[in-house]
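Asks: I am attaching a structure below and will ask some questions about it afterwards.
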Amino acid sequence: MVNYKDLGLVNTREMFAKAVDGGYAIPAFNFNNMEQLQAIIKACAETKSPVILQVSSGARKYANQTLLRYMAEGAVEYAKELGWEHPQICLHLDHGDTFELCKSCVDFGFSSVMIDGSSLPYEENIALTKKVVEYAHQFDVTVEAELGVLAGVEDDVVAEESHYTKPEEVIDFATRTGCDSLAISIGTSHGAYKFKPEQCTRDPQTGKLVPPPLAFDVLAEIEKKLPGFPIVLHGSSSVPQEYVDIINTHGGNLPDAVGIPEDQLRKAAKSAVCKINIDSDSRLAFTAAVRKVFAEKPGEFDPRKYCGPARDEMTKLYKHKIIEVLGSDGKAE
Ligand code: G3H
Ligand code: 13P
Ligand code: ZN
């Protein structure tokens, strides 16, 4: 049994309470490799932003859960080396799908876990979430639950259609499960293709897709039912078109990739939304930078020469998100 407190990590309780009060959101960035983690920590150290490092099941398969946990432990020390005196870093399991997986993360030094029972019938979601909460809370590990279904790919779960969270269910769900935060569905979705072209309009000038707005009315109703309760948005990449263009003009093929406009995320961050999940944008930044090096320097074969620029591009992206979208800069001095 490893307790996250011995690793210098923190759970989400205090960071969420401050974010809800302060009208900003904590960045939840996924990581799968060293360059992503370095970029996240550098961006957060330079902006003094609290951060949630997320480990998905895809990341666990790719990089190994043990290694990722030691990397997060190393990240706390790296943050201090960069001059961040009091790093506020949470290590979080993203989209946990079983009690056993959540338990193994709690036992192994994670400070927060998500149990995603959103694809289960309501009562089964409650029962599973409650079981995880009862276990995790014994070790002061916080638990995120999900109600409502996001369209798109959630690790191994593929949902064809989204179902907005029903505001009339949230009080019952939060009370009976005891969860610490709730991921809701208001129109975001995972990946770089968040909307089908037929759901969007087109900008006549650029020909780019303009996505439909998020369901802020549903968010407002949820906030009214659960005042001050931490709300989470998954699938919140904005799919920056400059990266899509670099990828497409350097040998890639991402037709009609579209995300959530940043002004909508900014608006959400000012409300009870206090955790915003971003993964795809980092993948796009990485890929754009690597493709550019490959196109411009075909003789390059030292991975540091293309992973280095990719890391710089991701650092720039994370800082932009922190300062211009989430407003979490300066909140972990
Ligand atoms: O929620 C989905 C995340 O973007 C993680 O995806 O399982 O491919 O790492 P992944
Ligand atoms: P994106 O695919 O929009 O980056 O969402 C990531 C996410 O929700 C991870 O849980
Ligand atoms: Zn997600």
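Within each chain, counting starts at residue 1; across the structure tokens, chains are named A, B, ... in the order shown, with ligands numbered 1 upward in that order.
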What are the closest atom pairs, with distances in Å to one decimal, for each residue of chain A lying within 9 Å of ligand 2, using only C-alpha atoms and all ligand atoms, rows by chain and rising residue number, as a Markdown table?
Replies:
| residue | atom | partner | partner_atom_place_in_ligand_line | distance |
| --- | --- | --- | --- | --- |
| A:Ala28 | CA | ligand 2 | 9 (C) | 7.9 |
| A:Phe29 | CA | ligand 2 | 9 (C) | 7.6 |
| A:Asn30 | CA | ligand 2 | 9 (C) | 6.6 |
| A:Gln54 | CA | ligand 2 | 10 (O) | 7.6 |
| A:Val55 | CA | ligand 2 | 10 (O) | 8.7 |
| A:Ser56 | CA | ligand 2 | 10 (O) | 7.2 |
| A:Asp94 | CA | ligand 2 | 10 (O) | 5.6 |
| A:His95 | CA | ligand 2 | 10 (O) | 6.5 |
| A:Val153 | CA | ligand 2 | 2 (O) | 8.5 |
| A:Glu154 | CA | ligand 2 | 10 (O) | 7.5 |
| A:Asp155 | CA | ligand 2 | 10 (O) | 8.6 |
| A:Thr188 | CA | ligand 2 | 3 (O) | 7.5 |
| A:Ser189 | CA | ligand 2 | 3 (O) | 6.1 |
| A:His190 | CA | ligand 2 | 2 (O) | 3.7 |
| A:Gly191 | CA | ligand 2 | 2 (O) | 3.7 |
| A:Ala192 | CA | ligand 2 | 2 (O) | 6.4 |
| A:Tyr193 | CA | ligand 2 | 2 (O) | 8.8 |
| A:Lys194 | CA | ligand 2 | 3 (O) | 7.8 |
| A:Leu233 | CA | ligand 2 | 8 (O) | 7.1 |
| A:His234 | CA | ligand 2 | 8 (O) | 3.5 |
| A:Gly235 | CA | ligand 2 | 3 (O) | 3.2 |
| A:Ser236 | CA | ligand 2 | 3 (O) | 4.1 |
| A:Ser237 | CA | ligand 2 | 3 (O) | 3.7 |
| A:Ser238 | CA | ligand 2 | 3 (O) | 7.1 |
| A:Val239 | CA | ligand 2 | 3 (O) | 7.9 |
| A:Gly259 | CA | ligand 2 | 3 (O) | 7.2 |
| A:Ile260 | CA | ligand 2 | 3 (O) | 8.0 |
| A:Ile276 | CA | ligand 2 | 8 (O) | 7.8 |
| A:Asn277 | CA | ligand 2 | 8 (O) | 4.6 |
| A:Ile278 | CA | ligand 2 | 4 (O) | 3.8 |
| A:Asp279 | CA | ligand 2 | 4 (O) | 3.3 |
| A:Ser280 | CA | ligand 2 | 4 (O) | 3.7 |
| A:Asp281 | CA | ligand 2 | 4 (O) | 5.9 |
| A:Ser282 | CA | ligand 2 | 4 (O) | 7.7 |
| A:Arg283 | CA | ligand 2 | 4 (O) | 8.4 |
Asks: So that I can check the surroundings of Val10 in chain A, please list as a ChimeraX atom specification every protein, DNA and RNA residue that reaches within 9 Å of it, counting only C-alpha atoms and ignoring chain neighbours fewer than 3 positions away.
Replies: /A:4-5,7,13-15,88-91,111-112,141
Asks: Please produce a file of those selected residues containing all heavy atoms, as a short mmCIF file (atom, residue, chain, number, x, y, z; two decimals), in the first residue's frame.
Replies:
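The result, stored in selection-v2.cif:
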data_model
loop_
_atom_site.label_atom_id
_atom_site.label_comp_id
_atom_site.auth_asym_id
_atom_site.auth_seq_id
_atom_site.Cartn_x
_atom_site.Cartn_y
_atom_site.Cartn_z
N TYR A 4 -0.62 8.33 -1.41
CA TYR A 4 -0.20 9.44 -2.28
C TYR A 4 0.41 10.60 -1.49
O TYR A 4 1.24 11.35 -2.01
CB TYR A 4 -1.39 9.91 -3.12
CG TYR A 4 -2.49 10.59 -2.33
CD1 TYR A 4 -2.44 11.96 -2.07
CD2 TYR A 4 -3.58 9.88 -1.85
CE1 TYR A 4 -3.45 12.59 -1.35
CE2 TYR A 4 -4.58 10.49 -1.13
CZ TYR A 4 -4.51 11.85 -0.88
OH TYR A 4 -5.50 12.47 -0.17
N LYS A 5 0.00 10.74 -0.22
CA LYS A 5 0.51 11.88 0.55
C LYS A 5 2.02 11.75 0.77
O LYS A 5 2.73 12.74 0.83
CB LYS A 5 -0.22 11.97 1.90
CG LYS A 5 -1.67 12.39 1.70
CD LYS A 5 -2.48 12.41 2.97
CE LYS A 5 -3.93 12.66 2.61
NZ LYS A 5 -4.88 12.44 3.68
N LEU A 7 3.96 10.73 -1.39
CA LEU A 7 4.62 11.01 -2.68
C LEU A 7 4.57 12.50 -3.02
O LEU A 7 5.02 12.91 -4.09
CB LEU A 7 3.93 10.22 -3.81
CG LEU A 7 3.72 8.72 -3.58
CD1 LEU A 7 3.02 8.09 -4.77
CD2 LEU A 7 5.06 8.03 -3.35
N ARG A 13 -9.90 17.65 -3.44
CA ARG A 13 -10.89 18.34 -2.60
C ARG A 13 -10.65 19.83 -2.50
O ARG A 13 -11.51 20.64 -2.82
CB ARG A 13 -10.95 17.68 -1.23
CG ARG A 13 -12.22 18.06 -0.46
CD ARG A 13 -12.46 17.17 0.73
NE ARG A 13 -12.79 15.80 0.33
CZ ARG A 13 -12.13 14.72 0.73
NH1 ARG A 13 -11.10 14.83 1.55
NH2 ARG A 13 -12.48 13.52 0.31
N GLU A 14 -9.43 20.19 -2.07
CA GLU A 14 -9.15 21.61 -1.84
C GLU A 14 -9.05 22.37 -3.16
O GLU A 14 -9.56 23.48 -3.28
CB GLU A 14 -7.85 21.72 -1.04
CG GLU A 14 -7.71 23.08 -0.38
CD GLU A 14 -6.38 23.19 0.35
OE1 GLU A 14 -6.01 22.23 1.06
OE2 GLU A 14 -5.72 24.24 0.19
N MET A 15 -8.42 21.76 -4.13
CA MET A 15 -8.28 22.50 -5.41
C MET A 15 -9.64 22.77 -6.04
O MET A 15 -9.87 23.84 -6.61
CB MET A 15 -7.28 21.86 -6.38
CG MET A 15 -7.42 20.44 -6.78
SD MET A 15 -6.29 19.99 -8.17
CE MET A 15 -4.76 19.58 -7.41
N GLN A 88 1.02 21.70 -6.65
CA GLN A 88 -0.29 21.10 -6.35
C GLN A 88 -0.58 20.14 -7.49
O GLN A 88 -1.14 20.54 -8.53
CB GLN A 88 -1.37 22.19 -6.31
CG GLN A 88 -1.22 23.17 -5.16
CD GLN A 88 -1.74 22.56 -3.87
OE1 GLN A 88 -2.91 22.23 -3.79
NE2 GLN A 88 -0.88 22.39 -2.90
N ILE A 89 -0.16 18.89 -7.32
CA ILE A 89 -0.29 17.91 -8.41
C ILE A 89 -1.12 16.73 -7.93
O ILE A 89 -0.82 16.12 -6.90
CB ILE A 89 1.11 17.41 -8.87
CG1 ILE A 89 1.95 18.60 -9.36
CG2 ILE A 89 0.97 16.36 -9.97
CD1 ILE A 89 3.40 18.23 -9.71
N CYS A 90 -2.16 16.44 -8.69
CA CYS A 90 -3.03 15.30 -8.37
C CYS A 90 -2.79 14.22 -9.42
O CYS A 90 -2.67 14.53 -10.61
CB CYS A 90 -4.47 15.81 -8.43
SG CYS A 90 -5.70 14.49 -8.47
N LEU A 91 -2.71 12.97 -9.01
CA LEU A 91 -2.58 11.85 -9.95
C LEU A 91 -3.92 11.13 -9.99
O LEU A 91 -4.38 10.60 -8.97
CB LEU A 91 -1.46 10.91 -9.50
CG LEU A 91 -1.26 9.66 -10.38
CD1 LEU A 91 -0.89 10.05 -11.81
CD2 LEU A 91 -0.19 8.75 -9.79
N SER A 111 -4.09 9.77 -6.16
CA SER A 111 -4.77 10.61 -5.16
C SER A 111 -6.23 10.83 -5.53
O SER A 111 -6.99 11.41 -4.75
CB SER A 111 -4.04 11.94 -5.02
OG SER A 111 -3.91 12.59 -6.26
N SER A 112 -6.62 10.37 -6.71
CA SER A 112 -7.99 10.57 -7.17
C SER A 112 -8.31 9.50 -8.22
O SER A 112 -7.41 9.10 -8.96
CB SER A 112 -8.09 11.97 -7.80
OG SER A 112 -9.35 12.18 -8.37
N VAL A 141 -8.75 9.46 -0.72
CA VAL A 141 -8.65 9.57 -2.18
C VAL A 141 -10.02 10.03 -2.69
O VAL A 141 -11.05 9.49 -2.27
CB VAL A 141 -8.26 8.21 -2.82
CG1 VAL A 141 -8.41 8.23 -4.33
CG2 VAL A 141 -6.83 7.84 -2.41
#
Asks: Restricting the calculation to only C-alpha atoms, which member of A:His250, A:Lys18, A:Lys275, A:Phe108 is positioned closest to Ile52 in chain A?
Replies: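 Of all the options, A:Lys275 lies closest to Ile52 in chain A.
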Asks: Please provide as a count of residues only all residues within 12 Å of Gln241 in chain A, with the sequence filter that same-chain residues fewer than 5 positions apart are discarded (counting only C-alpha atoms).
Replies: 23
Asks: If you count only C-alpha atoms, which residues fall within 12 Å of Leu9 in chain A, apart from same-chain ones fewer than 6 positions away, as a list in words?
Replies: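 So the residues in contact are Val2, Asn3, Pro50, Val51, Ile52, Leu53, Arg69, Tyr70, Ala72, Glu73, Gly74, Ala75, Val76, Glu77, Ala79, His86, Pro87, Gln88, Ile89, Cys90, Leu91, His92, Gly109, Phe110, Ser111, Ser112, Asp140 and Val141 of chain A.
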Asks: Would you compute the distance between CA of Lys61 in chain A and CA of Ala39 in chain A? Give it in Å to one decimal.
Replies: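 Those two atoms sit 21.4 Å apart.
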Asks: May I ask which of the residues A:Gly251, A:Gly327, A:Gly308, A:Gly148 is the closest one to Glu296 in chain A, counting only C-alpha atoms?
Replies: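 Of A:Gly251, A:Gly327, A:Gly308, A:Gly148, the one nearest Glu296 in chain A, counting only C-alpha atoms, is A:Gly251.
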Asks: Could you give me, as a list of chain:residue names, each residue of range 181-297 of chain A that DSSP assigns to strand (DSSP E) when run on this structure's backbone?
Replies: A:Ser181, A:Leu182, A:Ala183, A:Ile184, A:Thr201, A:Arg202, A:Leu209, A:Val210, A:Ile231, A:Val232, A:Leu233, A:Val273, A:Cys274, A:Lys275, A:Ile276, A:Asn277, A:Ile278
Asks: Using only C-alpha atoms, which protein or nucleic acid residues come within 7 Å of Thr315 in chain A? Drop anything in the same chain fewer than 3 positions from it, and give the result as a PyMOL selection string.
Replies: chain A and resi 39-40+42-43+311-312+318-319
Asks: Quick one: everything within 8 Å of Ala59 in chain A, counting only C-alpha atoms, minus sequence neighbours fewer than 6 positions away in the same chain. Send it as a PyMOL selection string.
Replies: chain A and resi 31-32+65
Asks: Would you list the contacts of Ala136 in chain A as a compact mmCIF listing (two decimals) with N, CA and C atoms, in the first residue's frame, taking every protein, DNA or RNA residue within 12 Å and counting only C-alpha atoms, but skipping same-chain residues closer than 3 positions in sequence?
Replies:
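File written: result.txt
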# COMPACT_ATOMS: atom_id res chain seq x y z
N ASN A 3 0.67 5.42 0.04
CA ASN A 3 -0.26 6.54 0.16
C ASN A 3 0.27 7.74 -0.62
N TYR A 4 -0.62 8.33 -1.41
CA TYR A 4 -0.20 9.44 -2.28
C TYR A 4 0.41 10.60 -1.49
N ASN A 11 -5.04 15.34 -3.27
CA ASN A 11 -6.31 14.94 -3.88
C ASN A 11 -7.01 16.19 -4.45
N PHE A 99 -14.38 -1.71 -10.07
CA PHE A 99 -13.96 -1.47 -8.68
C PHE A 99 -12.50 -1.89 -8.50
N GLU A 100 -12.14 -3.04 -9.09
CA GLU A 100 -10.80 -3.60 -8.89
C GLU A 100 -9.72 -2.65 -9.43
N LEU A 101 -9.99 -2.05 -10.58
CA LEU A 101 -9.01 -1.12 -11.15
C LEU A 101 -8.88 0.12 -10.25
N CYS A 102 -10.01 0.65 -9.80
CA CYS A 102 -9.96 1.83 -8.92
C CYS A 102 -9.21 1.49 -7.64
N LYS A 103 -9.49 0.32 -7.09
CA LYS A 103 -8.83 -0.11 -5.84
C LYS A 103 -7.31 -0.21 -6.07
N SER A 104 -6.92 -0.76 -7.19
CA SER A 104 -5.48 -0.94 -7.43
C SER A 104 -4.80 0.43 -7.54
N CYS A 105 -5.49 1.42 -8.08
CA CYS A 105 -4.91 2.76 -8.17
C CYS A 105 -4.84 3.41 -6.79
N VAL A 106 -5.91 3.26 -6.00
CA VAL A 106 -5.92 3.81 -4.63
C VAL A 106 -4.76 3.20 -3.84
N ASP A 107 -4.60 1.88 -3.97
CA ASP A 107 -3.58 1.16 -3.21
C ASP A 107 -2.16 1.50 -3.65
N PHE A 108 -2.08 2.10 -4.84
CA PHE A 108 -0.77 2.25 -5.45
C PHE A 108 -0.32 3.70 -5.56
N GLY A 109 -1.02 4.62 -4.88
CA GLY A 109 -0.51 5.99 -4.81
C GLY A 109 -1.25 7.02 -5.63
N PHE A 110 -2.36 6.65 -6.29
CA PHE A 110 -3.15 7.67 -6.97
C PHE A 110 -3.90 8.48 -5.91
N SER A 111 -4.09 9.77 -6.16
CA SER A 111 -4.77 10.61 -5.16
C SER A 111 -6.23 10.83 -5.53
N SER A 112 -6.62 10.37 -6.71
CA SER A 112 -7.99 10.57 -7.17
C SER A 112 -8.31 9.50 -8.22
N VAL A 113 -9.54 9.03 -8.23
CA VAL A 113 -9.93 8.07 -9.27
C VAL A 113 -11.28 8.46 -9.85
N MET A 114 -11.45 8.11 -11.12
CA MET A 114 -12.77 8.25 -11.72
C MET A 114 -13.36 6.85 -11.87
N ILE A 115 -14.59 6.68 -11.41
CA ILE A 115 -15.31 5.46 -11.75
C ILE A 115 -16.38 5.87 -12.76
N THR A 129 -20.44 3.14 -8.11
CA THR A 129 -19.78 4.39 -7.66
C THR A 129 -19.68 4.41 -6.14
N LYS A 130 -20.77 4.02 -5.47
CA LYS A 130 -20.80 4.02 -4.00
C LYS A 130 -19.71 3.10 -3.44
N LYS A 131 -19.56 1.93 -4.06
CA LYS A 131 -18.56 0.97 -3.60
C LYS A 131 -17.15 1.56 -3.72
N VAL A 132 -16.88 2.23 -4.83
CA VAL A 132 -15.56 2.84 -5.02
C VAL A 132 -15.36 3.98 -4.01
N VAL A 133 -16.40 4.80 -3.81
CA VAL A 133 -16.29 5.92 -2.86
C VAL A 133 -15.99 5.39 -1.46
N PHE A 139 -8.93 6.24 2.44
CA PHE A 139 -7.54 6.68 2.27
C PHE A 139 -7.48 8.14 1.82
N ASP A 140 -8.60 8.84 1.95
CA ASP A 140 -8.69 10.24 1.55
C ASP A 140 -8.41 10.46 0.06
N VAL A 141 -8.75 9.46 -0.72
CA VAL A 141 -8.65 9.57 -2.18
C VAL A 141 -10.02 10.03 -2.69
N THR A 142 -10.02 11.04 -3.54
CA THR A 142 -11.29 11.60 -4.02
C THR A 142 -11.80 10.84 -5.26
N VAL A 143 -13.11 10.89 -5.46
CA VAL A 143 -13.73 10.08 -6.52
C VAL A 143 -14.60 10.94 -7.44
N GLU A 144 -14.33 10.80 -8.74
CA GLU A 144 -15.16 11.45 -9.76
C GLU A 144 -16.09 10.39 -10.34
N GLY A 178 -22.09 9.63 -2.70
CA GLY A 178 -21.05 10.32 -1.91
C GLY A 178 -19.86 10.74 -2.76
N CYS A 179 -20.03 10.78 -4.09
CA CYS A 179 -18.90 11.14 -4.96
C CYS A 179 -18.47 12.59 -4.69
N ASP A 180 -17.21 12.88 -5.05
CA ASP A 180 -16.66 14.21 -4.76
C ASP A 180 -16.84 15.18 -5.93
Asks: Please determine, counting only C-alpha atoms and all ligand atoms, which residue among A:Leu128, A:Leu150, A:Leu182, A:Ala215 has the shortest atom-to-atom distance to ligand 1.
Replies: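 So, comparing all the options, the nearest one is A:Leu150.
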Asks: Counting only C-alpha atoms and all ligand atoms, which of A:Gly117, A:Pro213, A:Gly83, A:Gly58 gets nearest to ligand 1?
Replies: A:Gly58
Asks: Can you list, as a VMD selection string, all residues belonging to range 79-124 of chain A that DSSP tags as helix (DSSP H, G or I)?
Replies: chain A and resid 79 to 81 99 to 107 122 to 124
